[in-house]
Amino acid sequence: MADPFLTDGTSLTWRGSGETLRIQPWGTDSVRVRAVLGGPIRDSDWALLEPDASAAASCAVVIAGERATITNGAISAVVRSNTALDWQGGYIRTTAHLTFLDAHGEVLFAEEEHGGALKLRARDYDALPGGTFRARATFTPATGEKLYGMGQYQQDILNIKGATFELAHRNSQVSVPFVLSSAGYGFLWHNPAIGRATFATNRTEWFAESTVQLDYWVTAGATPSDISRNYAQATGHAPMMPEHGLGFWQCKLRYTSQEELLTVAREHKRRGLPMDVIVADFFHWPKMGDFRFEDEFWPDPEAMVAELAELGIELMVPVWPQVSLESENFAELDQLGYLVRSNRGVDIQMAFEGPSRFLDVTNPGAREWLWAKLRVNYPGVKLFWLDEAEPEYAFFEFGAYSYHAGQVLEVGNVYPQLFSRAVYDGQIADGQGDSVNLVRCAWAGSQRYGALVWSGDIHSSFASMRRQVTAGIHMGVAGIPWFTTDIGGFGGGNIDDPAFRELLVRWFQMGAFMPVMRLHGDRGPSREIVAADGSRRCHSGAENELWSYGEEVYEILVRYVNIREELRDYTRGLMTAAHVDGQPVMRGVFHDFPADEQAWDVADQFLFGPSLLVAPVLEAGARRRDVYLPAGAKWTALASGEVFDGGRWVQADAPLGVIPVFARDAALPQLVGTLA
């Protein structure tokens with residue numbers, strides 16, 4: 001009988017009953033696992049980068065009969081092979097079982113056992129027409145572990161153990177299938193298929209609706225920062241955030257003309273208010289897919305960009321991947337095959353402001369076409385807002401569409417990553433080294449393409465604001481260090497409503513301590529827009545500038561936009577750590593204090609880098625709140641200057657103008673008193 005194991009010294013391959021299982025070292029303290037039934041292992045590079053060969057220098061493979069172990073630094077994978085007669089089937093079958101160990105030989109997690117008469121299969125393949133499988137990988141988790149990551153799912157759950165997740169993107173849902181365990185490992189489901197992940201007490205299960213192979217990556221780390229470092233090494237580091245990403249960004253729905261936008265920018269500077277970026281929001285174009293300014297409303301974009309530059313402000317321009325059937329580019333894109341295809345029926349995928357189809361950014365030709373168009377039509381523009389990046393199908397019927405790269409059921413989740421790549425690659429090729437682009441969705445690896453992810457069209461409410469705390473923490477865990485929200489929420493806020501003004505103040509305070517501080521939203525009351533010929537254009541919301549909410553609110557907002565400026569050097573350091581070391585900018589308390597058991601459960605506050613603990617006010621009318629100060633440091637309240645020992649709860653005063661923020665071990669002394 002043939003030996004089930006093969007090795008080249010730095011990888012381990014097992015074969016049995018038509019299945020091939022391969023384990024390779026893939027970065028520091030990490031391994032990649034792939035398994036396929038009835039075919040060759042595929043070298044898919046959806047998110048993982050080719051590892052540095054030196055990272056496998058400590059790799060060792062030991063084969064001893066029906067047991068083999070591959071060790072790469074602090075992680076080991078043990079494979080038990082078993083060949084036996086299947087009595088019910090009547091023939092001999094060969095199976096394999098995987099267990100992952102840390103540097104001390106402790107079990108991190110293992111594949112689910114067969115269960116004797118249960119005959120369970122930890123690696124399960126259900127054949128589909130066309131040669132793919134509905135595939136499932138099932139594991140027995142570490143007892144008592146707590147889990148974090150998976151991107152953004154608009155819920156205020158911090159420890160996601162016990163939760164289940166749709167592996168699919170939606171407006172305000174960002175599925176990044178990486179999870180960090182308090183047991184000391186990180187796990188990436190390296191598969192862009194639509195699917196599901198379940199983290200139950202009795203099993204962890206990853207499921208793909210359609211795929212050719214199982215593919216995942218595992219790393220071991222003593223601390224969350226070790227795991228984040230290894231994950232960034234495997235999937236890519238964020239670029240260095242440019243200087244204009246560190247300050248305040250102004251936006252609303254929507255500046256409807258060049259003059260309206262410039263008037264706001266001029267007034268901001270006249271008042272002495274800092275602003276790094278202003279955004280010309282959507283429907284500045286004649287038709288979706290034209291990818292240019294409409295002449296009537298934006299007569300001289302180059303002059304606009306030049307004036308903004310004199311004011312020290314960068315312009316950001318939205319790009320939607322929808323192409324209207326009436327666009328001047330539709331016929332060309334359709335002929336070239338650069339549009340998403342509907343598998344059946346009428347080929348329309350979205351109908352907001354008119355029927356349209358999506359640009360197929362999984363096609364390299366379509367990505368090149370897009371950048372060529374943006375380069376010509378938006379001269380001088382460095383920043384793009386990549387909206388609708390899921391993409392936002394009208395009904396999210398994932399089985400109805402196909403891409404150049406395959407059926408959406410098989411590859412759909414990679415779309416937002418490649419949308420970011422289309423613009424980033426073009427910018428880098430043209431010599432722009434400071435690329436950051438706002439995008440509504442992401443997948444594993446998006447960070448390396450300058451993706452600043454915001455949390456989508458969320459509601460203007462305290463409940464929604466609370467969900468952005470956990471969303472930002474989980475996005476950081478999932479390797480996306482650049483995260484922001486629409487300050488005030490996107491929809492449902494009226495500028496004359498005192499309740500909304502309170503919400504805006506509290507959200508603005510929180511935004512001053514997030515990776516990017518950006519004011520945006522569709523404020524009421526809205527106003528209609530018409531062209532000179534009387535034809536309708538997309539509506540605009542009410543004003544959304546710092547001075548739009550009354551004098552009391554204005555004074556508070558001015559204080560916090562100036563505090564953001566005071567933080568510039570500190571924020572630049574956090575962005576450097578994200579770029580060089582893969583560390584999240586906005587992170588859970590557990591990230592820097594893993595030895596404090598309480599820190600793993602604090603869901604309503606976060607760390608802005610290692611030195612600032614931020615406890616936003618998340619309830620209407622609240623003027624005090626409880627704050628947990630983790631053990632292992634002394635904490636200075638920035639509002640009062642009072643110093644507290646860590647490892648305790650304190651009650652912090654929070655009048656309307658104050659957000660409780662605490663500095664670690666006397667850091668940032670210049671901020672003490674600025675929040676009072």
# chains A, B, ... in the order shown; residues from 1 in each chain; ligands from 1
>>> select_by_dssp(residues="region 298-358 of chain A", states="alpha helix (DSSP H)", output="PyMOL selection string")
chain A and resi 301-310+330-336
>>> atom_distance(atom1="CA of Gln468 (chain A)", atom2="CA of Ser455 (chain A)")
7.5 Å
>>> residues_around(residues="Ala654 (chain A)", least_positions_apart="4", cutoff="6 Å", atoms="only C-alpha atoms", output="PyMOL selection string")
chain A and resi 623-624+658-659
>>> write_last_selection(atoms="C-alpha atoms", output="PDB file, in the first residue's frame")
ATOM      1  CA  ARG A 623     -24.603  62.668  31.317  1.00  0.00           C
ATOM      2  CA  ARG A 624     -22.515  60.044  33.095  1.00  0.00           C
ATOM      3  CA  VAL A 658     -17.592  65.961  27.079  1.00  0.00           C
ATOM      4  CA  ILE A 659     -16.708  62.439  25.945  1.00  0.00           C
TER       5      ILE A 659
END
>>> atom_distance(atom1="CA of Gly27 (chain A)", atom2="CA of Ala234 (chain A)")
6.1 Å
>>> closest_residue(among="A:His190, A:Arg203, A:Arg123, A:Lys252", to="Gly524 (chain A)", atoms="only C-alpha atoms")
A:Lys252
>>> residues_around(residues="region 155-162 of chain A", least_positions_apart="5", cutoff="6 Å", atoms="only C-alpha atoms", output="list of chain:residue names")
A:Lys146, A:Leu147, A:Tyr148, A:Phe199, A:Ala200, A:Arg467, A:Thr470, A:Ala603
>>> closest_atom_pairs(of="region 401-480 of chain A", to="region 329-353 of chain A", cutoff="12 Å", atoms="only C-alpha atoms", output="JSON lines")
{"residue": "A:Tyr401", "atom": "CA", "partner": "A:Ser342", "partner_atom": "CA", "distance": 4.5}
{"residue": "A:Ser402", "atom": "CA", "partner": "A:Arg341", "partner_atom": "CA", "distance": 5.4}
{"residue": "A:Tyr403", "atom": "CA", "partner": "A:Val340", "partner_atom": "CA", "distance": 5.6}
{"residue": "A:His404", "atom": "CA", "partner": "A:Val340", "partner_atom": "CA", "distance": 7.8}
{"residue": "A:Ala405", "atom": "CA", "partner": "A:Val340", "partner_atom": "CA", "distance": 10.5}
{"residue": "A:Gly406", "atom": "CA", "partner": "A:Val340", "partner_atom": "CA", "distance": 10.5}
{"residue": "A:Gln407", "atom": "CA", "partner": "A:Asn343", "partner_atom": "CA", "distance": 9.1}
{"residue": "A:Val408", "atom": "CA", "partner": "A:Val340", "partner_atom": "CA", "distance": 9.7}
{"residue": "A:Leu409", "atom": "CA", "partner": "A:Asn343", "partner_atom": "CA", "distance": 11.7}
{"residue": "A:Gly412", "atom": "CA", "partner": "A:Val340", "partner_atom": "CA", "distance": 11.1}
{"residue": "A:Tyr415", "atom": "CA", "partner": "A:Val340", "partner_atom": "CA", "distance": 10.9}
>>> write_last_selection(atoms="N, CA and C atoms", output="CSV table (one decimal), in the first residue's frame")
chain,number,residue,atom,x,y,z
A,401,TYR,N,-26.2,36.0,-10.8
A,401,TYR,CA,-25.2,36.8,-11.5
A,401,TYR,C,-23.9,36.0,-11.7
A,402,SER,N,-23.1,36.4,-12.7
A,402,SER,CA,-21.8,35.8,-12.9
A,402,SER,C,-20.8,36.9,-13.3
A,403,TYR,N,-19.5,36.6,-12.9
A,403,TYR,CA,-18.4,37.5,-13.2
A,403,TYR,C,-17.4,36.9,-14.1
A,404,HIS,N,-16.5,37.7,-14.6
A,404,HIS,CA,-15.4,37.2,-15.4
A,404,HIS,C,-14.6,36.0,-14.6
A,405,ALA,N,-14.5,36.2,-13.3
A,405,ALA,CA,-13.8,35.3,-12.5
A,405,ALA,C,-14.6,34.0,-12.1
A,406,GLY,N,-15.9,34.0,-12.4
A,406,GLY,CA,-16.7,32.9,-12.1
A,406,GLY,C,-18.1,33.3,-11.6
A,407,GLN,N,-18.9,32.3,-11.2
A,407,GLN,CA,-20.2,32.6,-10.7
A,407,GLN,C,-20.1,33.4,-9.4
A,408,VAL,N,-21.0,34.3,-9.1
A,408,VAL,CA,-21.0,35.0,-7.9
A,408,VAL,C,-21.1,34.1,-6.7
A,409,LEU,N,-21.8,33.0,-6.8
A,409,LEU,CA,-21.9,32.1,-5.6
A,409,LEU,C,-20.5,31.6,-5.3
A,412,GLY,N,-18.0,35.7,-5.4
A,412,GLY,CA,-18.6,37.0,-5.2
A,412,GLY,C,-18.0,37.9,-4.2
A,415,TYR,N,-15.2,40.8,-4.9
A,415,TYR,CA,-15.5,42.0,-5.7
A,415,TYR,C,-15.0,43.3,-5.1
>>> decode(residues="region 593-643 of chain A", atoms="N, CA and C atoms", output="PDB file, in the first residue's frame")
ATOM      1  N   PHE A 593      -4.401  44.652  26.342  1.00  0.00           N
ATOM      2  CA  PHE A 593      -4.464  44.146  27.718  1.00  0.00           C
ATOM      3  C   PHE A 593      -5.041  42.726  27.738  1.00  0.00           C
ATOM      4  N   PRO A 594      -4.403  41.798  27.009  1.00  0.00           N
ATOM      5  CA  PRO A 594      -4.964  40.441  26.928  1.00  0.00           C
ATOM      6  C   PRO A 594      -4.926  39.683  28.247  1.00  0.00           C
ATOM      7  N   ALA A 595      -4.060  40.092  29.175  1.00  0.00           N
ATOM      8  CA  ALA A 595      -3.989  39.401  30.462  1.00  0.00           C
ATOM      9  C   ALA A 595      -5.143  39.775  31.386  1.00  0.00           C
ATOM     10  N   ASP A 596      -5.864  40.839  31.068  1.00  0.00           N
ATOM     11  CA  ASP A 596      -7.004  41.287  31.870  1.00  0.00           C
ATOM     12  C   ASP A 596      -8.266  40.615  31.322  1.00  0.00           C
ATOM     13  N   GLU A 597      -8.799  39.656  32.046  1.00  0.00           N
ATOM     14  CA  GLU A 597      -9.948  38.896  31.554  1.00  0.00           C
ATOM     15  C   GLU A 597     -11.145  39.793  31.268  1.00  0.00           C
ATOM     16  N   GLN A 598     -11.344  40.833  32.066  1.00  0.00           N
ATOM     17  CA  GLN A 598     -12.475  41.736  31.868  1.00  0.00           C
ATOM     18  C   GLN A 598     -12.366  42.465  30.529  1.00  0.00           C
ATOM     19  N   ALA A 599     -11.145  42.721  30.090  1.00  0.00           N
ATOM     20  CA  ALA A 599     -10.935  43.485  28.861  1.00  0.00           C
ATOM     21  C   ALA A 599     -11.523  42.803  27.635  1.00  0.00           C
ATOM     22  N   TRP A 600     -11.662  41.485  27.658  1.00  0.00           N
ATOM     23  CA  TRP A 600     -12.186  40.742  26.514  1.00  0.00           C
ATOM     24  C   TRP A 600     -13.695  40.905  26.351  1.00  0.00           C
ATOM     25  N   ASP A 601     -14.349  41.556  27.304  1.00  0.00           N
ATOM     26  CA  ASP A 601     -15.815  41.646  27.273  1.00  0.00           C
ATOM     27  C   ASP A 601     -16.340  43.081  27.206  1.00  0.00           C
ATOM     28  N   VAL A 602     -15.469  44.080  27.076  1.00  0.00           N
ATOM     29  CA  VAL A 602     -15.905  45.473  27.084  1.00  0.00           C
ATOM     30  C   VAL A 602     -16.295  45.879  25.663  1.00  0.00           C
ATOM     31  N   ALA A 603     -17.608  46.009  25.435  1.00  0.00           N
ATOM     32  CA  ALA A 603     -18.122  46.192  24.077  1.00  0.00           C
ATOM     33  C   ALA A 603     -18.490  47.631  23.746  1.00  0.00           C
ATOM     34  N   ASP A 604     -18.513  48.538  24.736  1.00  0.00           N
ATOM     35  CA  ASP A 604     -19.002  49.891  24.479  1.00  0.00           C
ATOM     36  C   ASP A 604     -17.927  50.952  24.647  1.00  0.00           C
ATOM     37  N   GLN A 605     -16.664  50.556  24.561  1.00  0.00           N
ATOM     38  CA  GLN A 605     -15.553  51.489  24.554  1.00  0.00           C
ATOM     39  C   GLN A 605     -14.437  50.857  23.728  1.00  0.00           C
ATOM     40  N   PHE A 606     -13.435  51.652  23.380  1.00  0.00           N
ATOM     41  CA  PHE A 606     -12.381  51.134  22.520  1.00  0.00           C
ATOM     42  C   PHE A 606     -11.094  51.893  22.781  1.00  0.00           C
ATOM     43  N   LEU A 607     -10.017  51.352  22.280  1.00  0.00           N
ATOM     44  CA  LEU A 607      -8.731  52.019  22.329  1.00  0.00           C
ATOM     45  C   LEU A 607      -8.461  52.674  20.983  1.00  0.00           C
ATOM     46  N   PHE A 608      -8.059  53.941  21.007  1.00  0.00           N
ATOM     47  CA  PHE A 608      -7.567  54.628  19.825  1.00  0.00           C
ATOM     48  C   PHE A 608      -6.058  54.563  19.919  1.00  0.00           C
ATOM     49  N   GLY A 609      -5.487  53.498  19.334  1.00  0.00           N
ATOM     50  CA  GLY A 609      -4.079  53.220  19.539  1.00  0.00           C
ATOM     51  C   GLY A 609      -3.824  52.728  20.946  1.00  0.00           C
ATOM     52  N   PRO A 610      -2.562  52.604  21.331  1.00  0.00           N
ATOM     53  CA  PRO A 610      -2.258  52.021  22.640  1.00  0.00           C
ATOM     54  C   PRO A 610      -2.465  52.948  23.820  1.00  0.00           C
ATOM     55  N   SER A 611      -2.623  54.275  23.588  1.00  0.00           N
ATOM     56  CA  SER A 611      -2.537  55.226  24.696  1.00  0.00           C
ATOM     57  C   SER A 611      -3.814  55.954  25.051  1.00  0.00           C
ATOM     58  N   LEU A 612      -4.881  55.817  24.252  1.00  0.00           N
ATOM     59  CA  LEU A 612      -6.128  56.520  24.548  1.00  0.00           C
ATOM     60  C   LEU A 612      -7.287  55.541  24.630  1.00  0.00           C
ATOM     61  N   LEU A 613      -7.962  55.550  25.755  1.00  0.00           N
ATOM     62  CA  LEU A 613      -9.164  54.744  25.947  1.00  0.00           C
ATOM     63  C   LEU A 613     -10.378  55.657  25.786  1.00  0.00           C
ATOM     64  N   VAL A 614     -11.243  55.324  24.844  1.00  0.00           N
ATOM     65  CA  VAL A 614     -12.371  56.171  24.468  1.00  0.00           C
ATOM     66  C   VAL A 614     -13.665  55.489  24.893  1.00  0.00           C
ATOM     67  N   ALA A 615     -14.493  56.219  25.644  1.00  0.00           N
ATOM     68  CA  ALA A 615     -15.754  55.680  26.151  1.00  0.00           C
ATOM     69  C   ALA A 615     -16.893  56.584  25.702  1.00  0.00           C
ATOM     70  N   PRO A 616     -17.362  56.434  24.459  1.00  0.00           N
ATOM     71  CA  PRO A 616     -18.397  57.339  23.937  1.00  0.00           C
ATOM     72  C   PRO A 616     -19.705  57.206  24.696  1.00  0.00           C
ATOM     73  N   VAL A 617     -20.452  58.288  24.717  1.00  0.00           N
ATOM     74  CA  VAL A 617     -21.781  58.282  25.338  1.00  0.00           C
ATOM     75  C   VAL A 617     -22.761  57.742  24.303  1.00  0.00           C
ATOM     76  N   LEU A 618     -23.406  56.632  24.604  1.00  0.00           N
ATOM     77  CA  LEU A 618     -24.183  55.875  23.627  1.00  0.00           C
ATOM     78  C   LEU A 618     -25.662  55.801  23.966  1.00  0.00           C
ATOM     79  N   GLU A 619     -26.118  56.669  24.874  1.00  0.00           N
ATOM     80  CA  GLU A 619     -27.535  56.700  25.246  1.00  0.00           C
ATOM     81  C   GLU A 619     -28.016  58.145  25.254  1.00  0.00           C
ATOM     82  N   ALA A 620     -29.195  58.354  24.715  1.00  0.00           N
ATOM     83  CA  ALA A 620     -29.785  59.696  24.704  1.00  0.00           C
ATOM     84  C   ALA A 620     -29.996  60.181  26.134  1.00  0.00           C
ATOM     85  N   GLY A 621     -29.639  61.408  26.395  1.00  0.00           N
ATOM     86  CA  GLY A 621     -29.869  62.016  27.699  1.00  0.00           C
ATOM     87  C   GLY A 621     -28.844  61.680  28.752  1.00  0.00           C
ATOM     88  N   ALA A 622     -27.936  60.744  28.471  1.00  0.00           N
ATOM     89  CA  ALA A 622     -26.950  60.336  29.473  1.00  0.00           C
ATOM     90  C   ALA A 622     -25.937  61.453  29.706  1.00  0.00           C
ATOM     91  N   ARG A 623     -25.607  61.667  30.963  1.00  0.00           N
ATOM     92  CA  ARG A 623     -24.603  62.668  31.317  1.00  0.00           C
ATOM     93  C   ARG A 623     -23.515  62.078  32.218  1.00  0.00           C
ATOM     94  N   ARG A 624     -23.571  60.793  32.420  1.00  0.00           N
ATOM     95  CA  ARG A 624     -22.515  60.044  33.095  1.00  0.00           C
ATOM     96  C   ARG A 624     -22.491  58.652  32.466  1.00  0.00           C
ATOM     97  N   ARG A 625     -21.373  57.967  32.581  1.00  0.00           N
ATOM     98  CA  ARG A 625     -21.334  56.576  32.141  1.00  0.00           C
ATOM     99  C   ARG A 625     -20.224  55.832  32.871  1.00  0.00           C
ATOM    100  N   ASP A 626     -20.413  54.513  32.993  1.00  0.00           N
ATOM    101  CA  ASP A 626     -19.401  53.661  33.591  1.00  0.00           C
ATOM    102  C   ASP A 626     -18.321  53.358  32.560  1.00  0.00           C
ATOM    103  N   VAL A 627     -17.076  53.378  33.031  1.00  0.00           N
ATOM    104  CA  VAL A 627     -15.927  53.121  32.161  1.00  0.00           C
ATOM    105  C   VAL A 627     -15.035  52.090  32.837  1.00  0.00           C
ATOM    106  N   TYR A 628     -14.604  51.078  32.058  1.00  0.00           N
ATOM    107  CA  TYR A 628     -13.656  50.104  32.598  1.00  0.00           C
ATOM    108  C   TYR A 628     -12.239  50.510  32.216  1.00  0.00           C
ATOM    109  N   LEU A 629     -11.379  50.617  33.225  1.00  0.00           N
ATOM    110  CA  LEU A 629      -9.974  50.947  33.027  1.00  0.00           C
ATOM    111  C   LEU A 629      -9.162  49.671  33.217  1.00  0.00           C
ATOM    112  N   PRO A 630      -8.545  49.153  32.150  1.00  0.00           N
ATOM    113  CA  PRO A 630      -7.884  47.852  32.254  1.00  0.00           C
ATOM    114  C   PRO A 630      -6.682  47.866  33.184  1.00  0.00           C
ATOM    115  N   ALA A 631      -6.423  46.689  33.744  1.00  0.00           N
ATOM    116  CA  ALA A 631      -5.312  46.524  34.675  1.00  0.00           C
ATOM    117  C   ALA A 631      -3.981  46.588  33.943  1.00  0.00           C
ATOM    118  N   GLY A 632      -2.968  47.054  34.670  1.00  0.00           N
ATOM    119  CA  GLY A 632      -1.628  47.104  34.099  1.00  0.00           C
ATOM    120  C   GLY A 632      -1.189  48.491  33.688  1.00  0.00           C
ATOM    121  N   ALA A 633      -2.004  49.512  34.015  1.00  0.00           N
ATOM    122  CA  ALA A 633      -1.654  50.888  33.663  1.00  0.00           C
ATOM    123  C   ALA A 633      -2.355  51.839  34.631  1.00  0.00           C
ATOM    124  N   LYS A 634      -1.884  53.076  34.662  1.00  0.00           N
ATOM    125  CA  LYS A 634      -2.598  54.168  35.322  1.00  0.00           C
ATOM    126  C   LYS A 634      -3.266  54.996  34.238  1.00  0.00           C
ATOM    127  N   TRP A 635      -4.439  55.549  34.558  1.00  0.00           N
ATOM    128  CA  TRP A 635      -5.254  56.210  33.549  1.00  0.00           C
ATOM    129  C   TRP A 635      -5.613  57.624  33.990  1.00  0.00           C
ATOM    130  N   THR A 636      -5.359  58.598  33.109  1.00  0.00           N
ATOM    131  CA  THR A 636      -5.642  59.997  33.397  1.00  0.00           C
ATOM    132  C   THR A 636      -6.870  60.436  32.613  1.00  0.00           C
ATOM    133  N   ALA A 637      -7.894  60.922  33.319  1.00  0.00           N
ATOM    134  CA  ALA A 637      -9.083  61.450  32.654  1.00  0.00           C
ATOM    135  C   ALA A 637      -8.717  62.763  31.978  1.00  0.00           C
ATOM    136  N   LEU A 638      -8.902  62.843  30.661  1.00  0.00           N
ATOM    137  CA  LEU A 638      -8.507  64.050  29.946  1.00  0.00           C
ATOM    138  C   LEU A 638      -9.361  65.254  30.317  1.00  0.00           C
ATOM    139  N   ALA A 639     -10.590  65.016  30.751  1.00  0.00           N
ATOM    140  CA  ALA A 639     -11.452  66.139  31.112  1.00  0.00           C
ATOM    141  C   ALA A 639     -11.037  66.771  32.437  1.00  0.00           C
ATOM    142  N   SER A 640     -10.696  65.934  33.430  1.00  0.00           N
ATOM    143  CA  SER A 640     -10.451  66.455  34.778  1.00  0.00           C
ATOM    144  C   SER A 640      -8.998  66.409  35.217  1.00  0.00           C
ATOM    145  N   GLY A 641      -8.198  65.571  34.568  1.00  0.00           N
ATOM    146  CA  GLY A 641      -6.821  65.377  35.007  1.00  0.00           C
ATOM    147  C   GLY A 641      -6.680  64.380  36.135  1.00  0.00           C
ATOM    148  N   GLU A 642      -7.778  63.820  36.613  1.00  0.00           N
ATOM    149  CA  GLU A 642      -7.723  62.853  37.707  1.00  0.00           C
ATOM    150  C   GLU A 642      -7.080  61.559  37.226  1.00  0.00           C
ATOM    151  N   VAL A 643      -6.259  60.948  38.102  1.00  0.00           N
ATOM    152  CA  VAL A 643      -5.520  59.739  37.756  1.00  0.00           C
ATOM    153  C   VAL A 643      -6.109  58.557  38.515  1.00  0.00           C
TER     154      VAL A 643
END
